[in-house]
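Shown below: upload_4.cif, with mmCIF, C-alpha atoms.
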```cif
data_protein
#
loop_
_atom_site.group_PDB
_atom_site.id
_atom_site.type_symbol
_atom_site.label_atom_id
_atom_site.label_comp_id
_atom_site.auth_asym_id
_atom_site.auth_seq_id
_atom_site.Cartn_x
_atom_site.Cartn_y
_atom_site.Cartn_z
ATOM 1 C CA MET M 234 -96.203 -50.198 -98.013
ATOM 2 C CA THR M 235 -93.313 -48.023 -96.947
ATOM 3 C CA GLY M 236 -95.345 -46.714 -94.030
ATOM 4 C CA SER M 237 -96.171 -50.220 -92.776
ATOM 5 C CA ILE M 238 -92.496 -51.203 -92.956
ATOM 6 C CA GLY M 239 -91.617 -48.113 -90.948
ATOM 7 C CA VAL M 240 -94.222 -49.012 -88.312
ATOM 8 C CA ILE M 241 -92.882 -52.577 -88.076
ATOM 9 C CA TRP M 242 -89.307 -51.313 -87.785
ATOM 10 C CA GLU M 243 -90.310 -48.843 -85.055
ATOM 11 C CA ARG M 244 -91.975 -51.613 -83.071
ATOM 12 C CA LEU M 245 -88.976 -53.924 -83.447
ATOM 13 C CA SER M 246 -86.551 -51.191 -82.416
ATOM 14 C CA THR M 247 -88.516 -50.294 -79.279
ATOM 15 C CA ASN M 248 -89.745 -53.737 -78.171
ATOM 16 C CA ARG M 249 -87.839 -54.913 -75.090
ATOM 17 C CA ASN M 250 -87.444 -58.471 -76.392
ATOM 18 C CA TRP M 251 -86.077 -57.294 -79.723
ATOM 19 C CA LEU M 252 -83.760 -54.817 -78.004
ATOM 20 C CA GLY M 253 -82.053 -57.753 -76.377
ATOM 21 C CA PHE M 254 -81.655 -59.346 -79.796
ATOM 22 C CA TRP M 255 -80.061 -56.200 -81.251
ATOM 23 C CA PHE M 256 -77.591 -56.011 -78.378
ATOM 24 C CA MET M 257 -76.614 -59.663 -78.834
ATOM 25 C CA LEU M 258 -76.284 -59.386 -82.606
ATOM 26 C CA PRO M 259 -72.626 -58.133 -82.626
ATOM 27 C CA ALA M 260 -71.558 -60.942 -80.288
ATOM 28 C CA ALA M 261 -73.469 -63.469 -82.406
ATOM 29 C CA ALA M 262 -71.720 -62.213 -85.545
ATOM 30 C CA PHE M 263 -68.350 -62.521 -83.789
ATOM 31 C CA LEU M 264 -69.114 -66.118 -82.754
ATOM 32 C CA LEU M 265 -70.289 -67.043 -86.246
ATOM 33 C CA LEU M 266 -67.155 -65.610 -87.812
ATOM 34 C CA PHE M 267 -64.523 -66.945 -85.422
ATOM 35 C CA LEU M 268 -66.147 -70.111 -83.998
ATOM 36 C CA VAL M 269 -68.917 -71.513 -86.176
ATOM 37 C CA TYR M 270 -67.155 -70.955 -89.512
ATOM 38 C CA PRO M 271 -63.823 -72.552 -88.426
ATOM 39 C CA LEU M 272 -65.722 -75.470 -86.874
ATOM 40 C CA GLY M 273 -67.715 -76.018 -90.053
ATOM 41 C CA LEU M 274 -64.588 -75.747 -92.184
ATOM 42 C CA GLY M 275 -62.786 -78.236 -89.955
ATOM 43 C CA ILE M 276 -65.629 -80.743 -90.241
ATOM 44 C CA TRP M 277 -65.614 -80.367 -94.029
ATOM 45 C CA LEU M 278 -61.827 -80.837 -94.218
ATOM 46 C CA SER M 279 -62.159 -84.026 -92.151
ATOM 47 C CA PHE M 280 -64.013 -85.565 -95.115
ATOM 48 C CA THR M 281 -61.255 -84.682 -97.582
ATOM 49 C CA ASP M 282 -57.680 -85.787 -98.261
ATOM 50 C CA SER M 283 -56.472 -82.194 -98.094
ATOM 51 C CA ARG M 284 -52.805 -81.523 -97.440
ATOM 52 C CA ILE M 285 -50.864 -78.328 -96.863
ATOM 53 C CA GLY M 286 -50.765 -76.494 -100.179
ATOM 54 C CA THR M 287 -53.379 -78.709 -101.873
ATOM 55 C CA PRO M 288 -57.179 -78.429 -101.527
ATOM 56 C CA GLY M 289 -57.745 -82.197 -101.727
ATOM 57 C CA SER M 290 -60.892 -84.044 -102.717
ATOM 58 C CA PHE M 291 -63.855 -85.558 -100.909
ATOM 59 C CA VAL M 292 -63.081 -89.024 -99.482
ATOM 60 C CA GLY M 293 -66.098 -89.577 -97.222
ATOM 61 C CA VAL M 294 -65.401 -91.227 -93.874
ATOM 62 C CA GLU M 295 -62.047 -92.618 -94.938
ATOM 63 C CA ASN M 296 -60.153 -90.405 -92.485
ATOM 64 C CA TYR M 297 -62.359 -91.528 -89.605
ATOM 65 C CA GLU M 298 -61.873 -95.181 -90.539
ATOM 66 C CA TRP M 299 -58.137 -94.597 -90.506
ATOM 67 C CA ILE M 300 -57.969 -92.857 -87.126
ATOM 68 C CA ILE M 301 -60.285 -95.374 -85.433
ATOM 69 C CA GLY M 302 -57.959 -98.184 -86.425
ATOM 70 C CA ASP M 303 -54.784 -96.249 -85.603
ATOM 71 C CA PRO M 304 -53.170 -97.396 -82.319
ATOM 72 C CA LYS M 305 -51.754 -93.878 -81.803
ATOM 73 C CA PHE M 306 -55.252 -92.406 -81.901
ATOM 74 C CA GLN M 307 -56.551 -95.065 -79.510
ATOM 75 C CA THR M 308 -53.732 -94.241 -77.088
ATOM 76 C CA ALA M 309 -54.472 -90.523 -77.453
ATOM 77 C CA VAL M 310 -58.161 -91.064 -76.678
ATOM 78 C CA PHE M 311 -57.309 -93.212 -73.655
ATOM 79 C CA PHE M 312 -54.866 -90.704 -72.205
ATOM 80 C CA THR M 313 -57.107 -87.724 -73.003
ATOM 81 C CA LEU M 314 -59.939 -89.314 -71.003
ATOM 82 C CA LEU M 315 -57.583 -90.375 -68.189
ATOM 83 C CA TYR M 316 -55.928 -86.957 -68.123
ATOM 84 C CA THR M 317 -59.273 -85.152 -68.029
ATOM 85 C CA LEU M 318 -60.885 -87.405 -65.429
ATOM 86 C CA VAL M 319 -58.008 -87.585 -62.936
ATOM 87 C CA ALA M 320 -56.998 -83.927 -63.256
ATOM 88 C CA SER M 321 -60.596 -82.650 -63.005
ATOM 89 C CA VAL M 322 -61.352 -84.736 -59.908
ATOM 90 C CA LEU M 323 -58.140 -83.643 -58.193
ATOM 91 C CA LYS M 324 -58.688 -79.989 -59.115
ATOM 92 C CA PHE M 325 -62.208 -80.107 -57.734
ATOM 93 C CA GLY M 326 -61.217 -81.808 -54.478
ATOM 94 C CA ILE M 327 -58.212 -79.574 -53.779
ATOM 95 C CA GLY M 328 -60.002 -76.454 -55.035
ATOM 96 C CA LEU M 329 -63.033 -77.072 -52.839
ATOM 97 C CA TYR M 330 -60.805 -77.624 -49.801
ATOM 98 C CA LEU M 331 -58.903 -74.395 -50.485
ATOM 99 C CA ALA M 332 -62.143 -72.467 -51.047
ATOM 100 C CA VAL M 333 -63.562 -73.589 -47.696
ATOM 101 C CA LEU M 334 -60.232 -72.800 -46.010
ATOM 102 C CA LEU M 335 -59.941 -69.334 -47.584
ATOM 103 C CA ASN M 336 -63.534 -68.544 -46.656
ATOM 104 C CA GLN M 337 -62.666 -68.706 -42.974
ATOM 105 C CA SER M 338 -61.182 -65.900 -40.921
ATOM 106 C CA MET M 339 -57.378 -65.918 -40.986
ATOM 107 C CA PRO M 340 -54.576 -63.358 -40.816
ATOM 108 C CA LEU M 341 -53.428 -61.895 -44.132
ATOM 109 C CA LYS M 342 -56.378 -63.523 -45.905
ATOM 110 C CA ALA M 343 -56.212 -61.166 -48.896
ATOM 111 C CA LEU M 344 -52.502 -61.905 -49.377
ATOM 112 C CA VAL M 345 -53.064 -65.666 -49.185
ATOM 113 C CA ARG M 346 -55.842 -65.445 -51.783
ATOM 114 C CA SER M 347 -53.507 -63.525 -54.090
ATOM 115 C CA ILE M 348 -50.769 -66.135 -53.695
ATOM 116 C CA VAL M 349 -53.226 -68.935 -54.531
ATOM 117 C CA LEU M 350 -53.920 -67.251 -57.877
ATOM 118 C CA ILE M 351 -50.263 -67.222 -58.984
ATOM 119 C CA PRO M 352 -50.244 -70.638 -60.731
ATOM 120 C CA PHE M 353 -53.276 -69.610 -62.795
ATOM 121 C CA ILE M 354 -51.993 -66.209 -63.925
ATOM 122 C CA VAL M 355 -48.517 -67.410 -64.919
ATOM 123 C CA PRO M 356 -48.446 -68.090 -68.697
ATOM 124 C CA THR M 357 -48.870 -71.777 -69.486
ATOM 125 C CA VAL M 358 -45.651 -71.973 -71.492
ATOM 126 C CA LEU M 359 -43.622 -70.562 -68.584
ATOM 127 C CA SER M 360 -45.242 -73.059 -66.223
ATOM 128 C CA ALA M 361 -44.426 -75.882 -68.623
ATOM 129 C CA VAL M 362 -40.785 -74.790 -68.879
ATOM 130 C CA ALA M 363 -40.549 -74.603 -65.086
ATOM 131 C CA PHE M 364 -41.951 -78.112 -64.742
ATOM 132 C CA TRP M 365 -39.606 -79.294 -67.493
ATOM 133 C CA TRP M 366 -36.703 -78.288 -65.245
ATOM 134 C CA ILE M 367 -38.373 -79.756 -62.158
ATOM 135 C CA PHE M 368 -38.759 -83.095 -63.956
ATOM 136 C CA ASP M 369 -35.352 -83.001 -65.676
ATOM 137 C CA PRO M 370 -33.733 -86.481 -65.509
ATOM 138 C CA GLN M 371 -30.350 -85.079 -64.362
ATOM 139 C CA PHE M 372 -31.047 -81.850 -62.485
ATOM 140 C CA SER M 373 -34.512 -82.479 -61.011
ATOM 141 C CA ILE M 374 -34.936 -80.778 -57.650
ATOM 142 C CA VAL M 375 -37.379 -83.524 -56.701
ATOM 143 C CA SER M 376 -34.876 -86.301 -57.327
ATOM 144 C CA TRP M 377 -32.131 -84.316 -55.571
ATOM 145 C CA SER M 378 -34.312 -83.787 -52.491
ATOM 146 C CA LEU M 379 -35.381 -87.427 -52.303
ATOM 147 C CA LYS M 380 -31.749 -88.582 -52.618
ATOM 148 C CA LYS M 381 -30.704 -86.216 -49.817
ATOM 149 C CA LEU M 382 -33.447 -87.739 -47.650
ATOM 150 C CA GLY M 383 -32.164 -91.200 -48.487
ATOM 151 C CA TRP M 384 -35.461 -92.322 -50.034
ATOM 152 C CA ILE M 385 -34.021 -93.080 -53.491
ATOM 153 C CA ASP M 386 -30.595 -94.004 -54.840
ATOM 154 C CA ALA M 387 -30.870 -92.724 -58.420
ATOM 155 C CA ASN M 388 -32.686 -89.925 -60.220
ATOM 156 C CA ILE M 389 -36.281 -90.573 -61.213
ATOM 157 C CA ASN M 390 -36.912 -90.627 -64.945
ATOM 158 C CA PHE M 391 -40.027 -88.452 -64.786
ATOM 159 C CA LEU M 392 -40.505 -87.728 -68.494
ATOM 160 C CA GLY M 393 -38.705 -90.731 -70.017
ATOM 161 C CA ASP M 394 -40.994 -93.411 -68.634
ATOM 162 C CA ALA M 395 -44.537 -93.652 -70.010
ATOM 163 C CA TRP M 396 -46.501 -93.731 -66.755
ATOM 164 C CA ASN M 397 -44.120 -91.395 -64.926
ATOM 165 C CA ALA M 398 -44.612 -88.885 -67.738
ATOM 166 C CA ARG M 399 -48.393 -89.266 -67.585
ATOM 167 C CA TRP M 400 -48.586 -88.621 -63.857
ATOM 168 C CA SER M 401 -46.103 -85.751 -64.198
ATOM 169 C CA VAL M 402 -48.183 -83.860 -66.773
ATOM 170 C CA ILE M 403 -51.352 -84.533 -64.762
ATOM 171 C CA PHE M 404 -49.647 -83.040 -61.705
ATOM 172 C CA ALA M 405 -48.624 -79.972 -63.712
ATOM 173 C CA ASN M 406 -52.171 -79.505 -65.007
ATOM 174 C CA VAL M 407 -53.629 -79.813 -61.502
ATOM 175 C CA TRP M 408 -51.149 -77.246 -60.180
ATOM 176 C CA ARG M 409 -52.263 -74.778 -62.852
ATOM 177 C CA GLY M 410 -55.998 -75.456 -62.623
ATOM 178 C CA VAL M 411 -56.636 -75.559 -58.869
ATOM 179 C CA PRO M 412 -56.658 -71.734 -58.429
ATOM 180 C CA PHE M 413 -59.473 -71.315 -60.999
ATOM 181 C CA VAL M 414 -61.659 -73.856 -59.178
ATOM 182 C CA ALA M 415 -60.763 -72.553 -55.725
ATOM 183 C CA ILE M 416 -61.450 -68.866 -56.440
ATOM 184 C CA SER M 417 -64.681 -69.636 -58.319
ATOM 185 C CA LEU M 418 -66.016 -71.790 -55.486
ATOM 186 C CA LEU M 419 -64.847 -69.200 -52.946
ATOM 187 C CA ALA M 420 -66.992 -66.612 -54.707
ATOM 188 C CA GLY M 421 -69.932 -68.983 -54.401
ATOM 189 C CA LEU M 422 -69.251 -69.656 -50.720
ATOM 190 C CA GLN M 423 -69.402 -65.950 -49.962
ATOM 191 C CA THR M 424 -72.997 -65.814 -51.246
ATOM 192 C CA VAL M 425 -74.223 -68.339 -48.664
ATOM 193 C CA PRO M 426 -76.097 -66.439 -45.912
ATOM 194 C CA ALA M 427 -74.384 -66.617 -42.522
ATOM 195 C CA SER M 428 -77.808 -67.057 -40.894
ATOM 196 C CA LEU M 429 -78.034 -70.584 -42.348
ATOM 197 C CA TYR M 430 -74.806 -71.567 -40.619
ATOM 198 C CA GLU M 431 -76.017 -70.033 -37.354
ATOM 199 C CA ALA M 432 -79.307 -71.926 -37.550
ATOM 200 C CA ALA M 433 -77.540 -75.201 -38.304
ATOM 201 C CA THR M 434 -75.141 -74.665 -35.394
ATOM 202 C CA LEU M 435 -78.026 -73.988 -33.016
ATOM 203 C CA ASP M 436 -79.636 -77.223 -34.178
ATOM 204 C CA GLY M 437 -76.501 -79.090 -33.116
ATOM 205 C CA ALA M 438 -75.184 -79.922 -36.586
ATOM 206 C CA SER M 439 -71.531 -80.901 -36.885
ATOM 207 C CA ARG M 440 -69.155 -79.182 -39.315
ATOM 208 C CA TRP M 441 -69.457 -82.076 -41.759
ATOM 209 C CA GLN M 442 -73.254 -82.002 -41.554
ATOM 210 C CA ILE M 443 -73.268 -78.244 -42.140
ATOM 211 C CA PHE M 444 -71.081 -78.680 -45.205
ATOM 212 C CA ARG M 445 -73.138 -81.570 -46.560
ATOM 213 C CA ARG M 446 -76.607 -80.170 -45.855
ATOM 214 C CA VAL M 447 -76.044 -76.415 -46.217
ATOM 215 C CA THR M 448 -72.849 -75.466 -48.030
ATOM 216 C CA TYR M 449 -72.589 -78.030 -50.807
ATOM 217 C CA PRO M 450 -76.267 -78.009 -51.914
ATOM 218 C CA LEU M 451 -76.152 -74.226 -52.339
ATOM 219 C CA LEU M 452 -72.859 -74.532 -54.250
ATOM 220 C CA THR M 453 -74.174 -77.178 -56.650
ATOM 221 C CA PRO M 454 -75.097 -74.847 -59.561
ATOM 222 C CA ILE M 455 -71.697 -73.134 -59.298
ATOM 223 C CA VAL M 456 -69.953 -76.496 -59.086
ATOM 224 C CA ALA M 457 -71.712 -77.581 -62.293
ATOM 225 C CA VAL M 458 -70.539 -74.507 -64.203
ATOM 226 C CA VAL M 459 -67.005 -74.497 -62.789
ATOM 227 C CA MET M 460 -66.468 -78.196 -63.431
ATOM 228 C CA THR M 461 -67.819 -77.903 -66.957
ATOM 229 C CA PHE M 462 -65.228 -75.238 -67.748
ATOM 230 C CA SER M 463 -62.556 -77.237 -65.932
ATOM 231 C CA VAL M 464 -63.317 -80.349 -67.982
ATOM 232 C CA LEU M 465 -63.360 -78.381 -71.240
ATOM 233 C CA PHE M 466 -60.060 -76.640 -70.460
ATOM 234 C CA THR M 467 -58.421 -79.921 -69.454
ATOM 235 C CA PHE M 468 -59.757 -81.942 -72.376
ATOM 236 C CA THR M 469 -58.521 -79.375 -74.903
ATOM 237 C CA ASP M 470 -55.186 -78.730 -73.184
ATOM 238 C CA PHE M 471 -52.387 -78.166 -75.698
ATOM 239 C CA GLN M 472 -49.643 -75.827 -74.549
ATOM 240 C CA LEU M 473 -48.674 -77.740 -71.408
ATOM 241 C CA ILE M 474 -48.290 -81.082 -73.191
ATOM 242 C CA LYS M 475 -46.666 -79.545 -76.268
ATOM 243 C CA VAL M 476 -43.919 -77.834 -74.290
ATOM 244 C CA LEU M 477 -43.438 -80.407 -71.537
ATOM 245 C CA THR M 478 -43.404 -83.716 -73.436
ATOM 246 C CA ASN M 479 -44.633 -83.064 -76.998
ATOM 247 C CA GLY M 480 -46.651 -86.250 -76.595
ATOM 248 C CA GLY M 481 -43.684 -88.436 -75.639
ATOM 249 C CA PRO M 482 -42.290 -90.776 -74.730
ATOM 250 C CA ALA M 483 -43.492 -92.862 -77.700
ATOM 251 C CA GLY M 484 -46.851 -91.068 -77.796
ATOM 252 C CA SER M 485 -47.792 -92.037 -74.237
ATOM 253 C CA THR M 486 -48.769 -88.455 -73.281
ATOM 254 C CA GLU M 487 -50.307 -87.549 -76.622
ATOM 255 C CA LEU M 488 -53.669 -85.821 -76.273
ATOM 256 C CA MET M 489 -56.240 -85.623 -79.046
ATOM 257 C CA ALA M 490 -55.497 -81.891 -79.335
ATOM 258 C CA THR M 491 -51.739 -82.374 -79.739
ATOM 259 C CA MET M 492 -52.231 -85.325 -82.096
ATOM 260 C CA SER M 493 -54.474 -83.183 -84.288
ATOM 261 C CA TYR M 494 -51.792 -80.487 -84.506
ATOM 262 C CA ASN M 495 -48.955 -82.922 -85.104
ATOM 263 C CA THR M 496 -50.915 -84.730 -87.816
ATOM 264 C CA ALA M 497 -52.294 -81.682 -89.627
ATOM 265 C CA ILE M 498 -49.488 -79.132 -89.295
ATOM 266 C CA LEU M 499 -46.275 -81.068 -88.708
ATOM 267 C CA GLY M 500 -47.387 -84.055 -90.778
ATOM 268 C CA SER M 501 -49.101 -81.841 -93.406
ATOM 269 C CA ARG M 502 -52.128 -84.192 -93.449
ATOM 270 C CA ILE M 503 -54.874 -81.612 -92.983
ATOM 271 C CA GLY M 504 -57.773 -83.993 -93.559
ATOM 272 C CA GLU M 505 -56.624 -86.573 -91.027
ATOM 273 C CA GLY M 506 -55.770 -83.907 -88.462
ATOM 274 C CA ALA M 507 -59.196 -82.327 -88.920
ATOM 275 C CA ALA M 508 -60.787 -85.734 -88.355
ATOM 276 C CA VAL M 509 -58.915 -86.088 -85.048
ATOM 277 C CA SER M 510 -60.049 -82.637 -83.884
ATOM 278 C CA THR M 511 -63.636 -83.276 -85.033
ATOM 279 C CA ALA M 512 -63.653 -86.503 -83.029
ATOM 280 C CA MET M 513 -63.204 -84.345 -79.912
ATOM 281 C CA VAL M 514 -66.565 -82.629 -80.440
ATOM 282 C CA PRO M 515 -68.814 -85.461 -79.121
ATOM 283 C CA PHE M 516 -66.834 -85.611 -75.873
ATOM 284 C CA LEU M 517 -67.066 -81.841 -75.412
ATOM 285 C CA LEU M 518 -70.796 -81.830 -76.181
ATOM 286 C CA ALA M 519 -71.335 -84.606 -73.632
ATOM 287 C CA ALA M 520 -69.670 -82.508 -70.910
ATOM 288 C CA ILE M 521 -71.701 -79.423 -71.850
ATOM 289 C CA MET M 522 -74.994 -81.339 -71.984
ATOM 290 C CA PHE M 523 -74.326 -82.929 -68.603
ATOM 291 C CA SER M 524 -73.932 -79.498 -67.036
ATOM 292 C CA TRP M 525 -76.837 -77.982 -68.988
ATOM 293 C CA PHE M 526 -79.397 -80.594 -68.016
ATOM 294 C CA GLY M 527 -78.088 -80.566 -64.468
ATOM 295 C CA LEU M 528 -78.639 -76.820 -64.203
ATOM 296 C CA GLN M 529 -82.173 -77.205 -65.548
ATOM 297 C CA ARG M 530 -83.134 -79.576 -62.750
ATOM 298 C CA ARG M 531 -84.711 -77.267 -60.232
ATOM 299 C CA LYS M 532 -84.433 -79.742 -57.364
ATOM 300 C CA TRP M 533 -80.694 -79.999 -57.964
ATOM 301 C CA GLN M 534 -80.388 -76.221 -57.919
ATOM 302 C CA GLN M 535 -82.183 -76.150 -54.579
ATOM 303 C CA GLY M 536 -80.000 -78.907 -53.157
ATOM 304 C CA GLU M 537 -82.848 -81.438 -52.963
ATOM 305 C CA SER M 538 -82.866 -85.026 -54.080
ATOM 306 C CA ASN M 539 -84.619 -86.112 -57.234
ATOM 307 C CA ASP M 540 -86.446 -89.033 -55.610
#
```
Would you write the structure of this file as structure tokens?
Amino acid sequence: MTGSIGVIWERLSTNRNWLGFWFMLPAAAFLLLFLVYPLGLGIWLSFTDSRIGTPGSFVGVENYEWIIGDPKFQTAVFFTLLYTLVASVLKFGIGLYLAVLLNQSMPLKALVRSIVLIPFIVPTVLSAVAFWWIFDPQFSIVSWSLKKLGWIDANINFLGDAWNARWSVIFANVWRGVPFVAISLLAGLQTVPASLYEAATLDGASRWQIFRRVTYPLLTPIVAVVMTFSVLFTFTDFQLIKVLTNGGPAGSTELMATMSYNTAILGSRIGEGAAVSTAMVPFLLAAIMFSWFGLQRRKWQQGESND
């Protein structure tokens, strides 16, 4: 019996497929400990009336019934979706343009690429503080410049008006996120063989036709991955909103992530806050599944249509 176990163990330890499993085991244990367990605990707490300092008791879907009927939660869901959609589209458009531009020959190209990365490497809190000063109702450099140009007569209330605050935080998020998209797509552009561009040019294709028929189809798998991460980062944004507006004015810039924190930690209602954070999971899974199934479509990977 002992000998057969030793033979089985020897085969498992030398089999190439099982070797991959052994190498992934530490990472899997890390994910289970720091991701799966907190997620499971959060889902369980969302079904309880737990508060800070008290374990609480099981209340079923009562927390979910409460948040669905709460106007603050409805506003948070609306702005989270708006924030994610608008910021992700703008980051992709600007990032793709910068990637194509930086892929061309230009003087000091390495320096320009380094400068583009600055918004992404600056800590989020510092960026938020900088934008807080830029959007200050009294000392805003934007309002000062526009008044000097004669375009406005009074300072713009960037963070005191609901829609002004929404567009302001979206602008700040785009400023921070564009470098990630641009550099990632630039890396993909550099893998496109130059011979394809030469062949397309010889065939008389215009620059737009080359981009549409050569560049973008080959970038599609990278676009899917980059945009998935961009959507996830934007949807779960916390630091920028927390420092810049803290969800104000009157909850107009509250995201689901900040509402979860404010409800669970500041409001001490752990169960309700956990329900808000758990409600984010379906949206995140939808974004991941969209990218996953897209990457599995071989025709999409090859830049062909699915007709």
Q: Name all residues at most 10 Å from region 403-420 of chain M (count all atoms listed in the file; drop same-chain ones fewer than 5 positions away) and give them as number ranges by chain.
A: M: 315-336, 346-357, 360-361, 363-365, 397-398, 425, 452-453, 455-456, 458-460, 462-463, 466-467, 470, 473-474, 477, 486
**Q.** Exercise: region 297-313 of chain M partners within 7 Å, only C-alpha atoms, chain neighbours under 3 positions left out, as a PyMOL selection string
**A.** chain M and resi 294+316-317+468+484-489+508
Q: Taking the file as shown, find all residues satisfying the PyMOL selection byres ((chain M and resi 368) around 10) and write them as number ranges by chain.
A: M: 362-367, 369-376, 388-393, 397-398, 401-402, 477
Leaving out region 445-449 of chain M and any residue of its chain fewer than 4 positions from it, which residues lie within 8 Å of it when counting only C-alpha atoms, given as a PDB file with C-alpha atoms, in the coordinates of the input?
```pdb
ATOM      1  CA  LEU M 422     -69.251 -69.656 -50.720  1.00  0.00           C
ATOM      2  CA  VAL M 425     -74.223 -68.339 -48.664  1.00  0.00           C
ATOM      3  CA  LEU M 429     -78.034 -70.584 -42.348  1.00  0.00           C
ATOM      4  CA  TYR M 430     -74.806 -71.567 -40.619  1.00  0.00           C
ATOM      5  CA  TRP M 441     -69.457 -82.076 -41.759  1.00  0.00           C
ATOM      6  CA  THR M 453     -74.174 -77.178 -56.650  1.00  0.00           C
ATOM      7  CA  GLY M 536     -80.000 -78.907 -53.157  1.00  0.00           C
TER       8      GLY M 536
END
```
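For the pair CA of Thr424 (chain M) and CA of Gln442 (chain M), the interatomic distance is 18.9 Å.
Shortest atom-to-atom contact with Ile285 (chain M) among M:Ala497, M:Leu268, M:Met492, M:Leu382: M:Ala497, counting only C-alpha atoms.
In this model, the gap between CA of Phe254 (chain M) and CA of Tyr270 (chain M) comes to 21.0 Å.
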Q.
Which residues, named as in the file, does the PyMOL selection byres ((chain M and resi 282) around 7) pick out? Answer as an NGL selection string.
A. :M and (281 or 283-284 or 289-292 or 504)
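Separating CA of Ser501 (chain M) from CA of Gly286 (chain M) is a distance of 8.8 Å.
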Q: For region 518-525 of chain M, list every protein, DNA or RNA residue within 8 Å, evaluated using all atoms listed in the file, and leave out those in the same chain fewer than 6 positions away; present the list as a ChimeraX atom specification.
A: /M:457-458,461,464-465
Selection from above, C-alpha atoms, as an mmCIF file, in the coordinates of the input, can you write it?
```cif
data_model
loop_
_atom_site.group_PDB
_atom_site.id
_atom_site.type_symbol
_atom_site.label_atom_id
_atom_site.label_comp_id
_atom_site.auth_asym_id
_atom_site.auth_seq_id
_atom_site.Cartn_x
_atom_site.Cartn_y
_atom_site.Cartn_z
ATOM 1 C CA ALA M 457 -71.712 -77.581 -62.293
ATOM 2 C CA VAL M 458 -70.539 -74.507 -64.203
ATOM 3 C CA THR M 461 -67.819 -77.903 -66.957
ATOM 4 C CA VAL M 464 -63.317 -80.349 -67.982
ATOM 5 C CA LEU M 465 -63.360 -78.381 -71.240
#
```
Complete the atoms of region 429-440 of chain M to N, CA, C and O atoms and put them out as a PDB file, keeping the file's coordinate frame.
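File produced: result.pdb:
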```
ATOM      1  N   LEU M 429     -77.826 -69.141 -42.178  1.00  0.00           N
ATOM      2  CA  LEU M 429     -78.034 -70.584 -42.348  1.00  0.00           C
ATOM      3  C   LEU M 429     -77.048 -71.375 -41.502  1.00  0.00           C
ATOM      4  O   LEU M 429     -77.408 -72.386 -40.889  1.00  0.00           O
ATOM      5  N   TYR M 430     -75.801 -70.900 -41.452  1.00  0.00           N
ATOM      6  CA  TYR M 430     -74.806 -71.567 -40.619  1.00  0.00           C
ATOM      7  C   TYR M 430     -75.163 -71.435 -39.145  1.00  0.00           C
ATOM      8  O   TYR M 430     -75.000 -72.377 -38.354  1.00  0.00           O
ATOM      9  N   GLU M 431     -75.647 -70.252 -38.744  1.00  0.00           N
ATOM     10  CA  GLU M 431     -76.017 -70.033 -37.354  1.00  0.00           C
ATOM     11  C   GLU M 431     -77.181 -70.942 -36.952  1.00  0.00           C
ATOM     12  O   GLU M 431     -77.176 -71.533 -35.868  1.00  0.00           O
ATOM     13  N   ALA M 432     -78.159 -71.067 -37.849  1.00  0.00           N
ATOM     14  CA  ALA M 432     -79.307 -71.926 -37.550  1.00  0.00           C
ATOM     15  C   ALA M 432     -78.885 -73.387 -37.446  1.00  0.00           C
ATOM     16  O   ALA M 432     -79.345 -74.114 -36.551  1.00  0.00           O
ATOM     17  N   ALA M 433     -77.997 -73.817 -38.346  1.00  0.00           N
ATOM     18  CA  ALA M 433     -77.540 -75.201 -38.304  1.00  0.00           C
ATOM     19  C   ALA M 433     -76.728 -75.476 -37.036  1.00  0.00           C
ATOM     20  O   ALA M 433     -76.843 -76.549 -36.429  1.00  0.00           O
ATOM     21  N   THR M 434     -75.931 -74.504 -36.617  1.00  0.00           N
ATOM     22  CA  THR M 434     -75.141 -74.665 -35.394  1.00  0.00           C
ATOM     23  C   THR M 434     -76.040 -74.760 -34.174  1.00  0.00           C
ATOM     24  O   THR M 434     -75.816 -75.583 -33.273  1.00  0.00           O
ATOM     25  N   LEU M 435     -77.074 -73.939 -34.134  1.00  0.00           N
ATOM     26  CA  LEU M 435     -78.026 -73.988 -33.016  1.00  0.00           C
ATOM     27  C   LEU M 435     -78.772 -75.314 -32.963  1.00  0.00           C
ATOM     28  O   LEU M 435     -79.164 -75.782 -31.886  1.00  0.00           O
ATOM     29  N   ASP M 436     -78.954 -75.922 -34.131  1.00  0.00           N
ATOM     30  CA  ASP M 436     -79.636 -77.223 -34.178  1.00  0.00           C
ATOM     31  C   ASP M 436     -78.710 -78.369 -33.813  1.00  0.00           C
ATOM     32  O   ASP M 436     -79.132 -79.532 -33.796  1.00  0.00           O
ATOM     33  N   GLY M 437     -77.451 -78.071 -33.537  1.00  0.00           N
ATOM     34  CA  GLY M 437     -76.501 -79.090 -33.116  1.00  0.00           C
ATOM     35  C   GLY M 437     -75.815 -79.822 -34.249  1.00  0.00           C
ATOM     36  O   GLY M 437     -75.257 -80.906 -34.032  1.00  0.00           O
ATOM     37  N   ALA M 438     -75.823 -79.268 -35.442  1.00  0.00           N
ATOM     38  CA  ALA M 438     -75.184 -79.922 -36.586  1.00  0.00           C
ATOM     39  C   ALA M 438     -73.669 -79.827 -36.476  1.00  0.00           C
ATOM     40  O   ALA M 438     -73.129 -78.815 -36.027  1.00  0.00           O
ATOM     41  N   SER M 439     -72.990 -80.906 -36.874  1.00  0.00           N
ATOM     42  CA  SER M 439     -71.531 -80.901 -36.885  1.00  0.00           C
ATOM     43  C   SER M 439     -71.034 -80.142 -38.115  1.00  0.00           C
ATOM     44  O   SER M 439     -71.808 -79.792 -39.003  1.00  0.00           O
ATOM     45  N   ARG M 440     -69.713 -79.916 -38.175  1.00  0.00           N
ATOM     46  CA  ARG M 440     -69.155 -79.182 -39.315  1.00  0.00           C
ATOM     47  C   ARG M 440     -69.371 -79.951 -40.624  1.00  0.00           C
ATOM     48  O   ARG M 440     -69.645 -79.357 -41.664  1.00  0.00           O
TER      49      ARG M 440
END
```
